[in-house]
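Take a look at the structure set out below.
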Amino acid sequence: MEQRKTMIGDTYHQSTKYRRDEMSERGLDWSTQPDAYKEFPASLKRIPILSVDPQGGKPLWEVLGERRSFREFSHRSLSFEELSRLLWATQGITARAWGFDLRTVPSAGALYPVETYLVANRIDGIPAGIYHHSVKKGELTLLKEGQFGKELARAALGQGMLETAACVFIWTAVVERSKWKYRERAYRYIYMDAGHIGQDLYLAASGLGLGCCTVGAFFDGEVDHLIGIDGKKEVSLYLGAIGHME
């Protein structure tokens with residue numbers, strides 16, 4: 001089985017290489033471009049996130065030097081302002097140009113296939129639960145209320161820090177947003193996009209004096225089920241635990 005998995009990865013990498021003699025002109029069918037933003041029923045509870053003043057804070061070079069992965073968190077809650085800053089740092093819209101909403105992170109073709117969900121364990125001012133971050137509207141949509149940290153930790157191969165963290169970011173990809181333009185090579189770009197976002201979370205957490213640890217080891221189907229996605233058209237990519245350090 002391990003050999004078969006290795007062969008699939010090797011085959012994918014070889015099959016999605018760009019080769020000059022195989023490149024061809026192909027126009028985009030703009031009528032089939034997928035929606036850039038995910039929508040949920042209007043009946044669900046919405047919570048506006050706070051506006052962020054990007055001025056001030058630690059110098060960039062200091063933040064880069066302090067960035068580390070922290071896996072032990074205190075029981076202190078995260079403030080809603082801190083959460084709002086983290087959300088802006090990882091997905092905030094900073095400009096609009098050429099018909100695209102440009103963000104704090106780069107994305108191949110400015111297609112932004114990555115969606116952000118939150119498992120909120122201890123956030124001041126909002127109930128514990130699972131949320132979706134609406135980038136365009138600047139709000140959180142409550143999908144499930146309750147404590148889900150233990151369930152998420154179990155889905156992530158028993159990594160207990162996901163239960164003790166104040167919150168956990170879960171990043172998914174709506175695959176067709178990228179495949180519409182880049183076809184099978186899109187998966188390469190999706191993983192790059194997730195990496196950019198994860199690093200911004202690290203740097204923002206460092207700037208706020210918070211601990212952060214990203215996670216790539218989890219049972220995909222269990223995380224998909226927890227946040228309510230199908231695991232095919234939308235897939236789980238990456239997790240990021242956030243909290244105050246011990």
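So you can find residues: chains in the structure tokens are A, B, ... in the order shown, residues in each start at 1, and ligands are numbered from 1 in order.
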**Prompt:** Near Ala204 (chain A), counting only C-alpha atoms, which residues have an atom at most 7 Å away, once you skip same-chain residues fewer than 3 positions from it, shown as JSON, numbers by chain?
**Reply:** {"A": [86, 89, 200, 201, 207, 208]}
Go through region 133-211 of chain A and flag each residue having an atom no more than 8 Å from region 31-37 of chain A; for those, report the closest pair of atoms plus their distance in Å to one decimal, using only C-alpha atoms, ordered by chain and rising number, as JSON lines.
```
{"residue": "A:Ser134", "atom": "CA", "partner": "A:Tyr37", "partner_atom": "CA", "distance": 7.7}
{"residue": "A:Val135", "atom": "CA", "partner": "A:Tyr37", "partner_atom": "CA", "distance": 7.8}
{"residue": "A:Lys136", "atom": "CA", "partner": "A:Tyr37", "partner_atom": "CA", "distance": 7.4}
{"residue": "A:Glu176", "atom": "CA", "partner": "A:Pro34", "partner_atom": "CA", "distance": 6.8}
{"residue": "A:Arg177", "atom": "CA", "partner": "A:Pro34", "partner_atom": "CA", "distance": 5.6}
{"residue": "A:Trp180", "atom": "CA", "partner": "A:Gln33", "partner_atom": "CA", "distance": 6.4}
```
Take the residues from that selection and put them in a file with C-alpha atoms, as a tab-separated table (two decimals), in the first residue's frame.
```
chain	number	residue	atom	x	y	z
A	134	SER	CA	-16.97	35.09	5.18
A	135	VAL	CA	-14.09	37.09	3.71
A	136	LYS	CA	-16.20	39.37	1.53
A	176	GLU	CA	-12.94	23.87	-8.99
A	177	ARG	CA	-12.05	27.52	-8.40
A	180	TRP	CA	-11.33	26.05	-13.88
```
Query raised in the report: Among region 140-211 of chain A, which residues carry a DSSP assignment of alpha helix (DSSP H), reported as a PyMOL selection string?
Result: chain A and resi 149-155+161-164+176-182+186-207
Q. Got a sec: who's within 8 Å of Asp193 (chain A), counting only C-alpha atoms, leaving out chain neighbours fewer than 6 positions off, as a list of chain:residue names?
A.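 The filter keeps A:Val105, A:Pro106, A:Ser107, A:Ala108, A:Tyr112, A:Val114.
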Using the selection just defined, write its residues with N, CA and C atoms as a PDB file, in the first residue's frame.
```pdb
ATOM      1  N   VAL A 105      -2.700  37.596   1.436  1.00  0.00           N
ATOM      2  CA  VAL A 105      -1.894  36.460   0.970  1.00  0.00           C
ATOM      3  C   VAL A 105      -2.010  36.334  -0.545  1.00  0.00           C
ATOM      4  N   PRO A 106      -0.961  35.851  -1.205  1.00  0.00           N
ATOM      5  CA  PRO A 106      -1.043  35.629  -2.651  1.00  0.00           C
ATOM      6  C   PRO A 106      -1.834  34.371  -2.972  1.00  0.00           C
ATOM      7  N   SER A 107      -2.372  34.331  -4.183  1.00  0.00           N
ATOM      8  CA  SER A 107      -3.082  33.147  -4.653  1.00  0.00           C
ATOM      9  C   SER A 107      -2.888  33.053  -6.162  1.00  0.00           C
ATOM     10  N   ALA A 108      -2.654  31.853  -6.656  1.00  0.00           N
ATOM     11  CA  ALA A 108      -2.437  31.653  -8.090  1.00  0.00           C
ATOM     12  C   ALA A 108      -3.634  32.161  -8.887  1.00  0.00           C
ATOM     13  N   TYR A 112      -8.155  32.397  -5.208  1.00  0.00           N
ATOM     14  CA  TYR A 112      -8.452  32.184  -3.784  1.00  0.00           C
ATOM     15  C   TYR A 112      -9.394  30.999  -3.535  1.00  0.00           C
ATOM     16  N   VAL A 114      -9.113  28.833  -1.196  1.00  0.00           N
ATOM     17  CA  VAL A 114      -9.102  28.406   0.207  1.00  0.00           C
ATOM     18  C   VAL A 114     -10.201  29.092   1.004  1.00  0.00           C
TER      19      VAL A 114
END
```
Distance in Å - CA of Leu152 (chain A) versus CA of Leu50 (chain A)
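It comes out at 26.5 Å.
The nearest approach to Arg183 (chain A) among the residues A:Thr16, A:Ser69, A:Gln147, A:Thr11, with only C-alpha atoms taken into account, belongs to A:Thr16.
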May I have the residues within 10 Å of Thr141 (chain A) as a PyMOL selection string, using only C-alpha atoms and disregarding those fewer than 4 positions away in the same chain?
chain A and resi 39-48+117-118+130-134
Take the residues from that selection and write them out as a CSV table (one decimal), in the first residue's frame, keeping N, CA and C atoms.
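Produced file result.csv, reproduced below:
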```csv
chain,number,residue,atom,x,y,z
A,39,GLU,N,-21.4,30.7,0.2
A,39,GLU,CA,-22.5,31.3,0.9
A,39,GLU,C,-23.2,30.2,1.7
A,40,PHE,N,-23.8,30.7,2.8
A,40,PHE,CA,-24.6,29.8,3.7
A,40,PHE,C,-26.0,30.4,3.9
A,41,PRO,N,-27.0,29.6,4.3
A,41,PRO,CA,-28.3,30.1,4.4
A,41,PRO,C,-28.4,31.4,5.3
A,42,ALA,N,-29.3,32.3,4.9
A,42,ALA,CA,-29.4,33.5,5.7
A,42,ALA,C,-29.9,33.3,7.1
A,43,SER,N,-30.5,32.2,7.4
A,43,SER,CA,-31.0,31.9,8.7
A,43,SER,C,-30.0,31.7,9.8
A,44,LEU,N,-28.7,31.4,9.3
A,44,LEU,CA,-27.7,31.1,10.3
A,44,LEU,C,-27.2,32.4,11.0
A,45,LYS,N,-26.8,32.3,12.2
A,45,LYS,CA,-26.3,33.4,13.0
A,45,LYS,C,-25.0,34.0,12.4
A,46,ARG,N,-24.9,35.3,12.3
A,46,ARG,CA,-23.7,36.0,11.8
A,46,ARG,C,-23.2,36.9,12.9
A,47,ILE,N,-21.8,36.9,12.9
A,47,ILE,CA,-21.1,37.8,13.9
A,47,ILE,C,-20.1,38.6,13.1
A,48,PRO,N,-20.3,39.9,13.0
A,48,PRO,CA,-19.3,40.8,12.3
A,48,PRO,C,-17.9,40.7,13.0
A,117,TYR,N,-12.5,27.9,8.1
A,117,TYR,CA,-13.4,27.5,9.2
A,117,TYR,C,-12.7,27.7,10.5
A,118,LEU,N,-13.4,27.8,11.6
A,118,LEU,CA,-12.8,27.9,12.9
A,118,LEU,C,-13.5,27.0,13.9
A,130,ILE,N,-18.3,25.8,15.8
A,130,ILE,CA,-17.7,25.8,14.5
A,130,ILE,C,-18.2,26.9,13.6
A,131,TYR,N,-17.3,27.7,13.1
A,131,TYR,CA,-17.7,28.9,12.3
A,131,TYR,C,-17.1,28.8,10.9
A,132,HIS,N,-17.7,29.6,10.0
A,132,HIS,CA,-17.1,29.8,8.7
A,132,HIS,C,-16.8,31.3,8.6
A,133,HIS,N,-15.6,31.6,8.0
A,133,HIS,CA,-15.2,33.0,7.9
A,133,HIS,C,-15.7,33.5,6.5
A,134,SER,N,-16.6,34.5,6.4
A,134,SER,CA,-17.0,35.1,5.2
A,134,SER,C,-16.0,36.3,4.9
```
Proximity check region 177-237 of chain A to region 75-81 of chain A, 12 Å, nearest pairs one decimal Å, only C-alpha atoms, as CSV:
```
residue,atom,partner,partner_atom,distance
A:Ala205,CA,A:Leu78,CA,11.2
A:Leu208,CA,A:Glu81,CA,10.7
A:Gly209,CA,A:Leu78,CA,11.4
A:Leu210,CA,A:Leu78,CA,9.2
A:Gly211,CA,A:Leu78,CA,11.0
```
